[in-house]
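Heads up: the structure comes next, in structure tokens.
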Amino acid sequence: MSEKRNLTAGRRKFLQDGAALGGAAALTGLVPSIALAQGAGKIKVGLMLPYTGTFAQLGLGITNAFKLAIEENGGKLGGRDIEYVTLDDESDPAKGADNANRLVNRDKVDVLVGTVHSGVQMGMVKIAKESGVLHIIPNAGVHAATEQLCAPNIFRTSFANGQPAYPMGKVAIDKGIKNVVTLAWKYGAGEESVAGFKDNFTKNGGKIVKELWLPFPNVEFQALLTEIAALKPEGVYVFFAGGGAAKFLRDWQAAGLKGKIPLLGAGFLTDGVLEAVGTAAEGLETTLHYGDGIDTPRNKAFRLAFAKAYKMQPDVYAVQGYDAALLLVAGMKAVKGDIGKKKEIIAAMEKAEIDSPRGKWRMSAAHNPIQDIYLRRVVGTENKVIGVAQRALDYPPASMCKMPR
Amino acid sequence: MDFGTFLIQLLNGVQYGLLLFLVASGLTLVFGIMGVINIAHGSFYMVGAYLAWSLSERFGNLWAAILVGVVLSVLLGMFLEWLLIKRLYARDHLYQVLLTYGLILVFEELRSLVWGDDVHGVQVPAILEGSIPLTENLAYPVVRLWISAVCIALAIGMYLLIQRTRIGMMIRAGASNREMVQSLGFNIQLVYRIVFALGIALTAFAGMIAAPVSSVFPGMGNHVLIICFVVVVIGGIGSVKGAMVAAILIGLVDTFGKVVHVEIAGVKLLPELAGMTVYLLMAAVLLWRPEGIFGKRL
């Protein structure tokens with residue numbers, strides 16, 4: 001009995017503490033509004049990105065590069081100071097819309113930037129459409145954002161999931177590969193990536209022998225490797241990323257399939273995992289909108305500045321974050337910082353030519369980059385660019401978007 | 001599927017099952033025998049994998065890393081039991097869930113601070129490198145066979161420890177009536193501390209052994225957590241034998257669920273629903289025997 005009484009007492013204490021904490025949170029909630037009063041005239045940029053969890057590194061790279069680009073442009077947007085409001089989205093799709101709503105309606109950001117995870121992105125796009133806030137996507141490749149759900153105020157500076165995959169279809173044909181098995185996680189990004197590859201591959205006379213799927217984020221590949229060995233295709237197109245990609249590449253090598261059946265993939269297969277996979281990826285060719293050793297003064301200057309500022313090497317995600325800021329700078333410049341002139345800002349962003357480390361690019365009519373996709377080969381721990389797989393690619397075609405005007 | 005491929009898939013299934021047993025073995029002890037719901041099970045698996053990676057980078061040798069890593073995890077287990085877990089035995093399961101859920105967040109944050117958020121690989125020891133050719137283009141990596149051997153040895157060891165030794169007898173007695181064992185003059189607190197530490201060490205050990213084939217990455221523990229509970233529940237709470245049978249069963253169902261084609265009345269069931277097969281198996285087993293295959297009758 002006494003044990004029980006103690007428990008309830010403990011619970012009450014906990015609730016009181018919780019209330020106290022809530023009070024403190026309410027107080028801190030006041031702080032931004034005070035800051036707002038003081039900082040009238042500042043442009044509020046909301047950065048909603050993953051700062052914890054699996055994608056924390058990506059969120060950090062995007063944020064760092066975004067701020068670097070702003071600094072390089074005088075630290076201002078159209079002559080006005082900037083105030084950042086950052087929010088950790090935890091890559092949790094369940095909280096996507098709520099978090100975006102908080103930034104837009106409570107913190108009253110002028111620009112909403114984010115995010116990495118496609119599921120969270122869907123929530124953000126919903127809020128962006130409802131509120132009309134200027135929205136820039138620095139990574140998530142979910143097609144809907146620039147397809148069915150496209151809107152004048154929504155821009156993407158990264159890629160659509162099928163975009164880096166599409167040129168690989170032609171690369172495979174040019175290598176004489178005519179029948180292919182596909183293998184990917186069965187979720188949005190995996191399905192859109194495979195569809196992009198398949199589109200171009202079959203258009204050029206290739207044949208998909210079989211589509212193999214793995215529930216996301218399952219990494220037990222052995223059964224499917226056995227099936228692939230029995231099917232003996234001329235090539236295998238795969239979509240995995242991060243830890244799953246590292247494990248897949250090692251399993252592929254351990255199963256003795258490396259060197260016997262060529263692997264084809266969009267660049268996510270080999271980005272950020274090369275330290276982890278040893279020799280398992282050596283010689284592998286992938287397609288992506290960025291890579292190592294792009295020999296232009298623009299890229300070199302960016303890499304040097306980034307490394308100097310943050311003591312780390314930039315990756316493709318950093319480039320996307322950097323370009324998100326460049327796009328915003330172009331838009332705000334056109335209206336001299338008058339955030340009220342949304343139509344003019346959007347028109348300027350649509351027309352802007354982004355001088356990106358990856359190469360110059362423009363927005364498609366659907367607000368997705370029309371960009372060069374590079375062919376890269378793994379050499380040691382680098383994804384060396386060895387050529388351009390396809391120039392100025394607009395995929396999925398901008399005509400898929402019926403832009404509401 | 002020809003017969004050769006079928007045999008290889010059988011091997012894949014058994015091998016995956018053994019790996020599952022290894023990963024779930026720590027949970028069998030802590031949840032199955034002590035009755036503590038340890039949601040942070042996956043975190044200890046992750047800690048083990050990261051220990052294997054960071055220590056083997058330091059020592060240049062996986063064996064030394066495993067040795068030191070196991071000692072460290074035993075100490076970690078005893079510390080946590082002393083600091084937190086011992087306060088929960090008398091309490092409701094909900095408190096255990098809350099506390100160990102908190103541990104997940106703590107370990108995830110510590111991992112980020114100490115080891116960062118990158119993906120890492122652990123070098124396969126030279127003696128285990130290489131593969132055995134099975135068909136003209138498929139080979140079986142030696143390291144996977146080695147992992148299977150370790151799992152079998154571990155299963156036998158656990159079975160003997162719990163069923164045939166004095167301490168095993170105390171553990172089982174403590175599991176069924178804690179107060180009685182205590183009043184008979186045994187130091188049940190010490191027994192529980194040892195069992196918990198052993199469970200944590202086993203889980204971390206699983207992470208270390210699996211690290212060379214699974215690679216090491218943030219959140220890797222969450223991938224294994226649910227399947228581990230499925231293993232223990234299907235096998236029957238408190239039964240090492242049950243966990244073994246359940247793990248192999250799951251390994252086979254999962255493997256064949258991915259590659260067998262089943263179509264009923266034009267509706268494709270497999271492999272489209274491969275993600276569900278394991279849970280359907282669990283539902284079926286629990287309908288048939290609510291206490292699990294080898295669990296005591298409720």
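Simple scheme: letters A, B, ... for chains in structure tokens order, numbers from 1 for residues in each chain, numbers from 1 for ligands in the order shown.
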
* Which chain A residues are at most 6 Å from chain B (counting only C-alpha atoms), as a PyMOL selection string? -> chain A and resi 54+215+223+229+243+247+254-256+276-277

* Give me every helix (DSSP H, G or I) residue in stretch 92-297 of chain A, going by DSSP on the backbone, as a PyMOL selection string. => chain A and resi 93-106+118-131+143-146+166-174+188-203+222-231+242-254+267-269+274-277+297

* To do: For A:Val319, work out the shell of residues within 8 Å, counting only C-alpha atoms and skipping chain neighbours fewer than 4 positions away, then give it as a ChimeraX atom specification.
  => /A:62,65,314-315,323,356-358

Can you spit out the residues from that selection as a PDB file, in the first residue's frame, using N, CA and C atoms?
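Everything below was put into again.pdb:
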ATOM      1  N   ILE A  62      23.741  20.865 -44.961  1.00  0.00           N
ATOM      2  CA  ILE A  62      22.864  21.793 -45.681  1.00  0.00           C
ATOM      3  C   ILE A  62      22.843  23.152 -44.980  1.00  0.00           C
ATOM      4  N   ALA A  65      26.243  25.050 -45.357  1.00  0.00           N
ATOM      5  CA  ALA A  65      26.456  25.572 -46.703  1.00  0.00           C
ATOM      6  C   ALA A  65      25.500  26.723 -47.001  1.00  0.00           C
ATOM      7  N   PRO A 314      32.747  19.357 -47.931  1.00  0.00           N
ATOM      8  CA  PRO A 314      31.351  19.422 -48.352  1.00  0.00           C
ATOM      9  C   PRO A 314      30.975  18.190 -49.190  1.00  0.00           C
ATOM     10  N   ASP A 315      29.700  17.843 -49.156  1.00  0.00           N
ATOM     11  CA  ASP A 315      29.216  16.737 -49.987  1.00  0.00           C
ATOM     12  C   ASP A 315      28.061  17.250 -50.854  1.00  0.00           C
ATOM     13  N   ASP A 323      23.011  26.019 -52.839  1.00  0.00           N
ATOM     14  CA  ASP A 323      22.208  26.516 -53.955  1.00  0.00           C
ATOM     15  C   ASP A 323      20.855  27.048 -53.492  1.00  0.00           C
ATOM     16  N   SER A 356      26.221  27.260 -59.516  1.00  0.00           N
ATOM     17  CA  SER A 356      26.422  26.273 -58.459  1.00  0.00           C
ATOM     18  C   SER A 356      27.786  25.591 -58.582  1.00  0.00           C
ATOM     19  N   PRO A 357      28.322  25.079 -57.462  1.00  0.00           N
ATOM     20  CA  PRO A 357      29.548  24.270 -57.539  1.00  0.00           C
ATOM     21  C   PRO A 357      29.382  23.066 -58.481  1.00  0.00           C
ATOM     22  N   ARG A 358      28.140  22.597 -58.645  1.00  0.00           N
ATOM     23  CA  ARG A 358      27.938  21.425 -59.508  1.00  0.00           C
ATOM     24  C   ARG A 358      27.939  21.830 -60.986  1.00  0.00           C
TER      25      ARG A 358
END

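A straight line drawn from atom CA of B:Arg172 to atom CA of B:Leu83 is 23.6 Å long.
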
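Around A:Lys178, within 9 Å and counting only C-alpha atoms, the residues found are Ala172, Ile173, Lys175, Gly176, Val180, Phe201, Gly205, Gly206, Lys207, Ile208, Pro233, Glu234 and Gly235 of chain A, once anything fewer than 2 positions away on its own chain is removed.
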
Could you save those same residues with C-alpha atoms as a PDB file, in the first residue's frame?
ATOM      1  CA  ALA A 172      23.770   0.684 -69.253  1.00  0.00           C
ATOM      2  CA  ILE A 173      22.681   0.313 -72.895  1.00  0.00           C
ATOM      3  CA  LYS A 175      27.846  -0.668 -72.055  1.00  0.00           C
ATOM      4  CA  GLY A 176      26.002  -3.373 -73.983  1.00  0.00           C
ATOM      5  CA  VAL A 180      18.619  -6.067 -66.011  1.00  0.00           C
ATOM      6  CA  PHE A 201      16.448   1.830 -70.129  1.00  0.00           C
ATOM      7  CA  GLY A 205      15.672  -1.203 -75.994  1.00  0.00           C
ATOM      8  CA  GLY A 206      16.594  -2.682 -72.632  1.00  0.00           C
ATOM      9  CA  LYS A 207      14.514  -5.303 -70.834  1.00  0.00           C
ATOM     10  CA  ILE A 208      13.777  -5.556 -67.109  1.00  0.00           C
ATOM     11  CA  PRO A 233      21.164 -10.935 -65.618  1.00  0.00           C
ATOM     12  CA  GLU A 234      23.644  -8.793 -67.540  1.00  0.00           C
ATOM     13  CA  GLY A 235      23.346  -6.043 -64.930  1.00  0.00           C
TER      14      GLY A 235
END

* Of the listed residues B:Leu128, B:Ala265, B:Ile39, B:Ala65, that which approaches B:Tyr95 most closely, counting only C-alpha atoms -> B:Ile39

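Pairwise distance (atom CA of A:Gly244, atom CA of B:Phe31) equals 28.5 Å.
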
* Asked: What lies within 7 Å of B:Arg193 using only C-alpha atoms, ignoring chain neighbours under 3 positions off, as a list in words?
  -> Met78, Glu81, Gln189, Leu190, Phe196 and Ala197 of chain B

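The space separating atom CA of A:Leu328 from atom CA of A:Ala266 comes to 27.8 Å.
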
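Minimum atom-to-atom distance to A:Asn200, evaluated using only C-alpha atoms, belongs to A:Gly169 out of A:Asp174, A:Pro164, A:Pro217, A:Gly169.
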
* To do: Based on DSSP run over this structure's backbone, return all residues of stretch 116-324 of chain A in strand (DSSP E), as a ChimeraX atom specification.
  => /A:134-137,154-156,179-186,207-215,235-239,263-266,285-288

Restrict the selected residues to N, CA and C atoms and save them as an mmCIF file, in the first residue's frame.
data_model
loop_
_atom_site.group_PDB
_atom_site.id
_atom_site.type_symbol
_atom_site.label_atom_id
_atom_site.label_comp_id
_atom_site.auth_asym_id
_atom_site.auth_seq_id
_atom_site.Cartn_x
_atom_site.Cartn_y
_atom_site.Cartn_z
ATOM 1 N N LEU A 134 6.999 31.168 -49.031
ATOM 2 C CA LEU A 134 8.068 30.796 -49.948
ATOM 3 C C LEU A 134 8.779 29.563 -49.393
ATOM 4 N N HIS A 135 8.883 28.517 -50.203
ATOM 5 C CA HIS A 135 9.390 27.244 -49.682
ATOM 6 C C HIS A 135 10.488 26.704 -50.595
ATOM 7 N N ILE A 136 11.650 26.402 -50.031
ATOM 8 C CA ILE A 136 12.761 25.848 -50.816
ATOM 9 C C ILE A 136 13.165 24.498 -50.240
ATOM 10 N N ILE A 137 13.198 23.485 -51.103
ATOM 11 C CA ILE A 137 13.521 22.122 -50.684
ATOM 12 C C ILE A 137 14.991 21.839 -51.024
ATOM 13 N N ILE A 154 6.755 26.880 -54.334
ATOM 14 C CA ILE A 154 7.571 25.736 -53.921
ATOM 15 C C ILE A 154 8.684 25.495 -54.938
ATOM 16 N N PHE A 155 9.929 25.554 -54.466
ATOM 17 C CA PHE A 155 11.096 25.338 -55.324
ATOM 18 C C PHE A 155 11.955 24.219 -54.757
ATOM 19 N N ARG A 156 12.662 23.508 -55.657
ATOM 20 C CA ARG A 156 13.584 22.466 -55.188
ATOM 21 C C ARG A 156 14.960 22.722 -55.793
ATOM 22 N N ASN A 179 19.684 -6.806 -70.526
ATOM 23 C CA ASN A 179 18.654 -7.245 -69.575
ATOM 24 C C ASN A 179 19.125 -7.087 -68.139
ATOM 25 N N VAL A 180 18.241 -6.534 -67.340
ATOM 26 C CA VAL A 180 18.619 -6.067 -66.011
ATOM 27 C C VAL A 180 17.592 -6.510 -64.972
ATOM 28 N N VAL A 181 18.099 -6.838 -63.779
ATOM 29 C CA VAL A 181 17.235 -7.051 -62.621
ATOM 30 C C VAL A 181 17.335 -5.805 -61.756
ATOM 31 N N THR A 182 16.210 -5.318 -61.242
ATOM 32 C CA THR A 182 16.275 -4.178 -60.325
ATOM 33 C C THR A 182 16.060 -4.663 -58.901
ATOM 34 N N LEU A 183 16.716 -3.980 -57.969
ATOM 35 C CA LEU A 183 16.632 -4.357 -56.559
ATOM 36 C C LEU A 183 16.637 -3.074 -55.737
ATOM 37 N N ALA A 184 15.606 -2.870 -54.919
ATOM 38 C CA ALA A 184 15.527 -1.623 -54.154
ATOM 39 C C ALA A 184 14.624 -1.798 -52.948
ATOM 40 N N TRP A 185 14.726 -0.827 -52.028
ATOM 41 C CA TRP A 185 13.765 -0.774 -50.932
ATOM 42 C C TRP A 185 12.407 -0.388 -51.472
ATOM 43 N N LYS A 186 11.353 -1.076 -50.968
ATOM 44 C CA LYS A 186 10.003 -0.773 -51.439
ATOM 45 C C LYS A 186 9.435 0.384 -50.643
ATOM 46 N N LYS A 207 15.623 -4.518 -71.369
ATOM 47 C CA LYS A 207 14.514 -5.303 -70.834
ATOM 48 C C LYS A 207 14.738 -5.541 -69.346
ATOM 49 N N ILE A 208 13.695 -5.261 -68.543
ATOM 50 C CA ILE A 208 13.777 -5.556 -67.109
ATOM 51 C C ILE A 208 13.345 -7.003 -66.921
ATOM 52 N N VAL A 209 14.274 -7.849 -66.490
ATOM 53 C CA VAL A 209 13.972 -9.265 -66.316
ATOM 54 C C VAL A 209 13.067 -9.473 -65.112
ATOM 55 N N LYS A 210 13.383 -8.765 -64.037
ATOM 56 C CA LYS A 210 12.617 -8.954 -62.817
ATOM 57 C C LYS A 210 12.848 -7.774 -61.877
ATOM 58 N N GLU A 211 11.802 -7.362 -61.170
ATOM 59 C CA GLU A 211 11.951 -6.322 -60.150
ATOM 60 C C GLU A 211 11.917 -6.974 -58.780
ATOM 61 N N LEU A 212 13.009 -6.838 -58.048
ATOM 62 C CA LEU A 212 13.070 -7.395 -56.696
ATOM 63 C C LEU A 212 12.975 -6.256 -55.688
ATOM 64 N N TRP A 213 12.215 -6.490 -54.619
ATOM 65 C CA TRP A 213 12.013 -5.450 -53.602
ATOM 66 C C TRP A 213 12.302 -5.990 -52.223
ATOM 67 N N LEU A 214 12.721 -5.080 -51.360
ATOM 68 C CA LEU A 214 12.987 -5.408 -49.973
ATOM 69 C C LEU A 214 12.188 -4.415 -49.127
ATOM 70 N N PRO A 215 11.511 -4.894 -48.066
ATOM 71 C CA PRO A 215 10.792 -3.928 -47.221
ATOM 72 C C PRO A 215 11.795 -2.928 -46.620
ATOM 73 N N GLY A 235 23.064 -7.123 -65.857
ATOM 74 C CA GLY A 235 23.346 -6.043 -64.930
ATOM 75 C C GLY A 235 22.273 -5.973 -63.860
ATOM 76 N N VAL A 236 22.573 -5.306 -62.744
ATOM 77 C CA VAL A 236 21.597 -5.152 -61.670
ATOM 78 C C VAL A 236 21.530 -3.681 -61.285
ATOM 79 N N TYR A 237 20.323 -3.080 -61.380
ATOM 80 C CA TYR A 237 20.148 -1.704 -60.928
ATOM 81 C C TYR A 237 19.693 -1.717 -59.479
ATOM 82 N N VAL A 238 20.413 -0.997 -58.607
ATOM 83 C CA VAL A 238 20.037 -1.003 -57.192
ATOM 84 C C VAL A 238 19.818 0.399 -56.666
ATOM 85 N N PHE A 239 18.886 0.524 -55.714
ATOM 86 C CA PHE A 239 18.752 1.756 -54.948
ATOM 87 C C PHE A 239 18.767 1.431 -53.465
ATOM 88 N N LEU A 263 27.062 -3.728 -61.388
ATOM 89 C CA LEU A 263 26.066 -3.007 -60.605
ATOM 90 C C LEU A 263 25.844 -1.649 -61.238
ATOM 91 N N LEU A 264 24.565 -1.231 -61.298
ATOM 92 C CA LEU A 264 24.223 0.083 -61.810
ATOM 93 C C LEU A 264 23.453 0.793 -60.705
ATOM 94 N N GLY A 265 23.704 2.094 -60.532
ATOM 95 C CA GLY A 265 22.967 2.767 -59.483
ATOM 96 C C GLY A 265 23.057 4.265 -59.577
ATOM 97 N N ALA A 266 22.066 4.948 -58.964
ATOM 98 C CA ALA A 266 22.198 6.388 -58.780
ATOM 99 C C ALA A 266 23.228 6.592 -57.676
ATOM 100 N N GLU A 285 30.409 2.396 -61.105
ATOM 101 C CA GLU A 285 30.008 3.633 -61.761
ATOM 102 C C GLU A 285 28.570 3.992 -61.409
ATOM 103 N N THR A 286 28.379 5.245 -61.015
ATOM 104 C CA THR A 286 27.047 5.714 -60.644
ATOM 105 C C THR A 286 26.792 7.075 -61.292
ATOM 106 N N THR A 287 25.506 7.471 -61.302
ATOM 107 C CA THR A 287 25.151 8.781 -61.870
ATOM 108 C C THR A 287 24.564 9.677 -60.788
ATOM 109 N N LEU A 288 25.017 10.938 -60.774
ATOM 110 C CA LEU A 288 24.504 11.896 -59.802
ATOM 111 C C LEU A 288 24.809 13.311 -60.282
#

* Asked: Which is closer to A:Ala56 than all the others in B:Leu113, B:Ile104, B:Tyr192, B:Leu22, using only C-alpha atoms?
  -> B:Leu113

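In terms of minimum interatomic distance to A:Ile345, A:Leu77 ranks closest within A:Val194, A:Leu77, A:Val273, A:Leu304, counting only C-alpha atoms.
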
* Contacts of A:Ala334 within 8 Å, only C-alpha atoms, excl. fewer than 4 positions in-chain, as an MDAnalysis selection string -> chainID A and resid 78 330 344:345 348

I need the chosen residues saved as an mmCIF file, in the first residue's frame, with N, CA and C atoms.
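Heads up, here's the output in part_2.cif:
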data_model
loop_
_atom_site.group_PDB
_atom_site.id
_atom_site.type_symbol
_atom_site.label_atom_id
_atom_site.label_comp_id
_atom_site.auth_asym_id
_atom_site.auth_seq_id
_atom_site.Cartn_x
_atom_site.Cartn_y
_atom_site.Cartn_z
ATOM 1 N N GLY A 78 18.806 40.924 -50.118
ATOM 2 C CA GLY A 78 18.247 42.150 -50.705
ATOM 3 C C GLY A 78 18.455 43.354 -49.806
ATOM 4 N N ALA A 330 19.027 35.455 -55.129
ATOM 5 C CA ALA A 330 18.616 35.971 -56.442
ATOM 6 C C ALA A 330 17.204 36.554 -56.371
ATOM 7 N N GLU A 344 6.958 38.900 -57.703
ATOM 8 C CA GLU A 344 8.220 39.301 -58.322
ATOM 9 C C GLU A 344 9.368 38.403 -57.864
ATOM 10 N N ILE A 345 9.356 38.049 -56.576
ATOM 11 C CA ILE A 345 10.409 37.163 -56.055
ATOM 12 C C ILE A 345 10.365 35.835 -56.809
ATOM 13 N N ALA A 348 11.660 36.107 -60.275
ATOM 14 C CA ALA A 348 13.120 36.209 -60.309
ATOM 15 C C ALA A 348 13.765 34.856 -60.053
#

* 10 Å contact set for A:Glu72, only C-alpha atoms, chain neighbours under 5 positions out, as number ranges by chain -> A: 67, 305, 326

Dump N, CA and C atoms for the selected residues as an mmCIF file, in the first residue's frame?
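Result saved to again-v4.cif:
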data_model
loop_
_atom_site.group_PDB
_atom_site.id
_atom_site.type_symbol
_atom_site.label_atom_id
_atom_site.label_comp_id
_atom_site.auth_asym_id
_atom_site.auth_seq_id
_atom_site.Cartn_x
_atom_site.Cartn_y
_atom_site.Cartn_z
ATOM 1 N N LYS A 67 24.325 28.903 -44.861
ATOM 2 C CA LYS A 67 24.835 30.096 -44.180
ATOM 3 C C LYS A 67 26.097 30.620 -44.857
ATOM 4 N N ALA A 305 36.351 27.250 -49.400
ATOM 5 C CA ALA A 305 35.672 28.121 -48.430
ATOM 6 C C ALA A 305 34.926 27.285 -47.399
ATOM 7 N N LEU A 326 21.602 30.504 -52.667
ATOM 8 C CA LEU A 326 21.853 31.301 -53.876
ATOM 9 C C LEU A 326 20.531 31.667 -54.558
#

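In this comparison, which uses only C-alpha atoms, the residue of B:Met169, B:Leu94, B:Ile200, B:Leu75 approaching B:Ile188 most closely is B:Met169.
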
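Distance check against A:Ser399 using only C-alpha atoms: of A:Val378, A:Ala366, A:Ile339, A:Ser118, the minimum falls on A:Ala366.
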
Contacts between stretch 241-251 of chain B and stretch 131-223 of chain B, please, where a residue of stretch 131-223 of chain B counts if it comes within 12 Å (with only C-alpha atoms); show its shortest atom pair and distance in Å to one decimal, rows by chain and ascending number, as CSV.
residue,atom,partner,partner_atom,distance
B:Ser148,CA,B:Ile248,CA,11.4
B:Cys151,CA,B:Met244,CA,9.6
B:Ile152,CA,B:Met244,CA,9.2
B:Ala153,CA,B:Met244,CA,11.9
B:Leu154,CA,B:Met244,CA,10.6
B:Ala155,CA,B:Met244,CA,7.5
B:Ile156,CA,B:Lys241,CA,9.3
B:Gly157,CA,B:Lys241,CA,11.6
B:Met158,CA,B:Lys241,CA,9.5
B:Tyr159,CA,B:Lys241,CA,7.3
B:Leu160,CA,B:Lys241,CA,10.9
B:Ile162,CA,B:Lys241,CA,10.9
B:Gln163,CA,B:Lys241,CA,10.7

Same residues, N, CA and C atoms, saved as a CSV table (one decimal), in the first residue's frame:
chain,number,residue,atom,x,y,z
B,148,SER,N,27.5,-18.3,-37.8
B,148,SER,CA,26.6,-19.4,-37.5
B,148,SER,C,27.2,-20.3,-36.4
B,151,CYS,N,27.0,-18.8,-33.1
B,151,CYS,CA,25.6,-18.8,-32.6
B,151,CYS,C,25.3,-20.1,-32.0
B,152,ILE,N,25.6,-21.2,-32.7
B,152,ILE,CA,25.3,-22.5,-32.1
B,152,ILE,C,26.0,-22.8,-30.8
B,153,ALA,N,27.3,-22.4,-30.8
B,153,ALA,CA,28.1,-22.6,-29.5
B,153,ALA,C,27.4,-21.8,-28.4
B,154,LEU,N,27.0,-20.6,-28.7
B,154,LEU,CA,26.4,-19.7,-27.7
B,154,LEU,C,25.1,-20.3,-27.2
B,155,ALA,N,24.3,-20.8,-28.1
B,155,ALA,CA,23.0,-21.4,-27.7
B,155,ALA,C,23.2,-22.6,-26.8
B,156,ILE,N,24.2,-23.5,-27.1
B,156,ILE,CA,24.5,-24.6,-26.3
B,156,ILE,C,25.0,-24.1,-24.9
B,157,GLY,N,25.9,-23.1,-24.9
B,157,GLY,CA,26.4,-22.6,-23.7
B,157,GLY,C,25.3,-22.0,-22.8
B,158,MET,N,24.4,-21.3,-23.4
B,158,MET,CA,23.3,-20.7,-22.6
B,158,MET,C,22.4,-21.7,-22.0
B,159,TYR,N,22.1,-22.7,-22.9
B,159,TYR,CA,21.2,-23.8,-22.4
B,159,TYR,C,21.8,-24.5,-21.2
B,160,LEU,N,23.1,-24.8,-21.3
B,160,LEU,CA,23.7,-25.6,-20.2
B,160,LEU,C,23.8,-24.7,-19.0
B,162,ILE,N,21.8,-22.3,-18.0
B,162,ILE,CA,20.5,-22.1,-17.3
B,162,ILE,C,19.9,-23.4,-16.8
B,163,GLN,N,20.1,-24.5,-17.6
B,163,GLN,CA,19.4,-25.8,-17.2
B,163,GLN,C,20.3,-26.6,-16.3
